Amino acid sequence: MHVINITEDAEVFTANVYLVVGDRTVLVDAGAMEGVVEAVREHTDHLDAVVLTHQHGDHVAQLADVLSAFDCECYAYGEHELRTNHLDDGETIQIGDETFEAIYTPGHAADHIALVSDSTIFSGDVVVHNDAAFDYGSFGRTDMPGQSRERLIESIKEILDRLPEGVEHLYAGHGNAFHGDVRDVIETALSRAEQRTSKYPE
């Protein structure tokens, strides 16, 4: 399974957008970078589906353009006018060459899901490897209306409970990908979230 972050060099604020090439070519999130369609076409002329981790603007601003260009399915937990398939907690979906389980992980967003296979997690914004707050094990912000630190903590625990032992690749909505002891990264994020201090001190 080949994973490409097509927004890695974006000059605008956007989520990471992952093109997963394999038996089923899938885009995880659509991002907010103009030119996402052209960036995908540098690698493939075909998409089977777009899967959304959640629907914050930095993850979905280019969704309509992507779906129009590739005429593919759209999977999401939350309702969206362009969603073609509801992806519920515990359901599975093929991404690339692997089968992923959707884990409902609210707190940062009410419709948030993480996607977990035997080797890989697409964690969206619930937990990330590094960001402007922490270099190893961080978590999604919860200081905006409709967000909840307590619910985010429970979501991170849920990921840990359902994370297979062999997961070695973490692709998050922001920051860099991580390859190695993914469980340790997530446990570190959990311990920081449980401190319940502001993620971005003033």
# chains A, B, ... in the order shown; residues from 1 in each chain; ligands from 1

$ residues_around --residues "Val20 of chain A" --least-positions-apart "5" --cutoff "9 Å" --atoms "only C-alpha atoms" --output "PDB file with N, CA and C atoms, in the first residue's frame"
ATOM      1  N   MET A   1       0.851  -1.196   0.000  1.00  0.00           N
ATOM      2  CA  MET A   1       0.000   0.000   0.000  1.00  0.00           C
ATOM      3  C   MET A   1       0.884   1.242   0.000  1.00  0.00           C
ATOM      4  N   HIS A   2       0.641   2.099  -0.948  1.00  0.00           N
ATOM      5  CA  HIS A   2       1.466   3.297  -1.124  1.00  0.00           C
ATOM      6  C   HIS A   2       0.658   4.520  -0.691  1.00  0.00           C
ATOM      7  N   VAL A   3       1.172   5.288   0.275  1.00  0.00           N
ATOM      8  CA  VAL A   3       0.477   6.455   0.820  1.00  0.00           C
ATOM      9  C   VAL A   3       1.262   7.716   0.460  1.00  0.00           C
ATOM     10  N   ILE A   4       0.578   8.675  -0.158  1.00  0.00           N
ATOM     11  CA  ILE A   4       1.207   9.924  -0.587  1.00  0.00           C
ATOM     12  C   ILE A   4       0.459  11.088   0.045  1.00  0.00           C
ATOM     13  N   ASN A   5       1.170  11.960   0.753  1.00  0.00           N
ATOM     14  CA  ASN A   5       0.573  13.186   1.293  1.00  0.00           C
ATOM     15  C   ASN A   5       0.635  14.246   0.198  1.00  0.00           C
ATOM     16  N   THR A  25      -8.084   2.580  -4.823  1.00  0.00           N
ATOM     17  CA  THR A  25      -7.411   3.869  -4.682  1.00  0.00           C
ATOM     18  C   THR A  25      -8.360   4.862  -4.016  1.00  0.00           C
ATOM     19  N   VAL A  26      -7.912   5.372  -2.871  1.00  0.00           N
ATOM     20  CA  VAL A  26      -8.784   6.174  -2.008  1.00  0.00           C
ATOM     21  C   VAL A  26      -8.059   7.436  -1.582  1.00  0.00           C
ATOM     22  N   LEU A  27      -8.820   8.523  -1.454  1.00  0.00           N
ATOM     23  CA  LEU A  27      -8.316   9.762  -0.888  1.00  0.00           C
ATOM     24  C   LEU A  27      -8.885   9.900   0.519  1.00  0.00           C
ATOM     25  N   VAL A  28      -8.005  10.042   1.504  1.00  0.00           N
ATOM     26  CA  VAL A  28      -8.447  10.265   2.877  1.00  0.00           C
ATOM     27  C   VAL A  28      -8.442  11.768   3.128  1.00  0.00           C
ATOM     28  N   ILE A  95      -9.194   0.384   1.939  1.00  0.00           N
ATOM     29  CA  ILE A  95      -8.407   1.547   1.542  1.00  0.00           C
ATOM     30  C   ILE A  95      -7.072   1.013   1.050  1.00  0.00           C
ATOM     31  N   GLY A  96      -6.756   1.272  -0.200  1.00  0.00           N
ATOM     32  CA  GLY A  96      -5.542   0.693  -0.765  1.00  0.00           C
ATOM     33  C   GLY A  96      -5.671  -0.817  -0.816  1.00  0.00           C
ATOM     34  N   ASP A  97      -4.737  -1.501  -0.162  1.00  0.00           N
ATOM     35  CA  ASP A  97      -4.722  -2.964  -0.159  1.00  0.00           C
ATOM     36  C   ASP A  97      -5.183  -3.553   1.169  1.00  0.00           C
TER      37      ASP A  97
END

$ closest_residue --among "A:Arg41, A:His179, A:Arg192, A:His174" --to "Asp131 of chain A" --atoms "only C-alpha atoms"
A:His174

$ closest_residue --among "A:Asp135, A:Asp161, A:Asp143, A:Asp45" --to "Ala189 of chain A" --atoms "only C-alpha atoms"
A:Asp135

$ select_by_dssp --residues "segment 43-97 of chain A" --states "helix (DSSP H, G or I)" --output "short mmCIF file (atom, residue, chain, number, x, y, z; two decimals) with N, CA and C atoms, in the first residue's frame"
data_model
loop_
_atom_site.label_atom_id
_atom_site.label_comp_id
_atom_site.auth_asym_id
_atom_site.auth_seq_id
_atom_site.Cartn_x
_atom_site.Cartn_y
_atom_site.Cartn_z
N GLY A 57 -13.51 22.56 7.86
CA GLY A 57 -13.23 23.15 6.56
C GLY A 57 -11.88 22.79 5.97
N ASP A 58 -10.86 22.66 6.82
CA ASP A 58 -9.54 22.35 6.30
C ASP A 58 -9.44 20.92 5.78
N HIS A 59 -10.47 20.11 6.04
CA HIS A 59 -10.51 18.73 5.57
C HIS A 59 -11.44 18.54 4.37
N VAL A 60 -12.39 19.46 4.16
CA VAL A 60 -13.41 19.21 3.14
C VAL A 60 -13.61 20.34 2.14
N LEU A 63 -13.73 19.16 -1.36
CA LEU A 63 -14.44 17.90 -1.59
C LEU A 63 -15.27 17.93 -2.86
N ALA A 64 -16.03 18.98 -3.08
CA ALA A 64 -16.89 19.03 -4.26
C ALA A 64 -16.06 18.93 -5.54
N ASP A 65 -14.94 19.63 -5.59
CA ASP A 65 -14.10 19.58 -6.78
C ASP A 65 -13.55 18.17 -7.02
N VAL A 66 -13.14 17.50 -5.95
CA VAL A 66 -12.59 16.15 -6.08
C VAL A 66 -13.66 15.18 -6.58
N LEU A 67 -14.83 15.23 -5.96
CA LEU A 67 -15.90 14.30 -6.36
C LEU A 67 -16.36 14.56 -7.79
N SER A 68 -16.40 15.82 -8.17
CA SER A 68 -16.79 16.15 -9.54
C SER A 68 -15.76 15.65 -10.55
N ALA A 69 -14.49 15.79 -10.20
CA ALA A 69 -13.43 15.42 -11.13
C ALA A 69 -13.31 13.91 -11.32
N PHE A 70 -13.54 13.16 -10.24
CA PHE A 70 -13.28 11.72 -10.30
C PHE A 70 -14.55 10.87 -10.24
#

$ residues_around --residues "Tyr200 of chain A" --least-positions-apart "6" --cutoff "9 Å" --atoms "only C-alpha atoms" --output "tab-separated table (two decimals) with C-alpha atoms, in the first residue's frame"
chain	number	residue	atom	x	y	z
A	132	ALA	CA	2.81	23.34	16.94
A	133	ALA	CA	2.16	22.20	20.53
A	141	ARG	CA	-7.74	21.01	20.00

$ residues_around --residues "Val127 of chain A" --least-positions-apart "5" --cutoff "9 Å" --atoms "only C-alpha atoms" --output "MDAnalysis selection string"
chainID A and resid 137:140 156 172:173 185:186 189:190
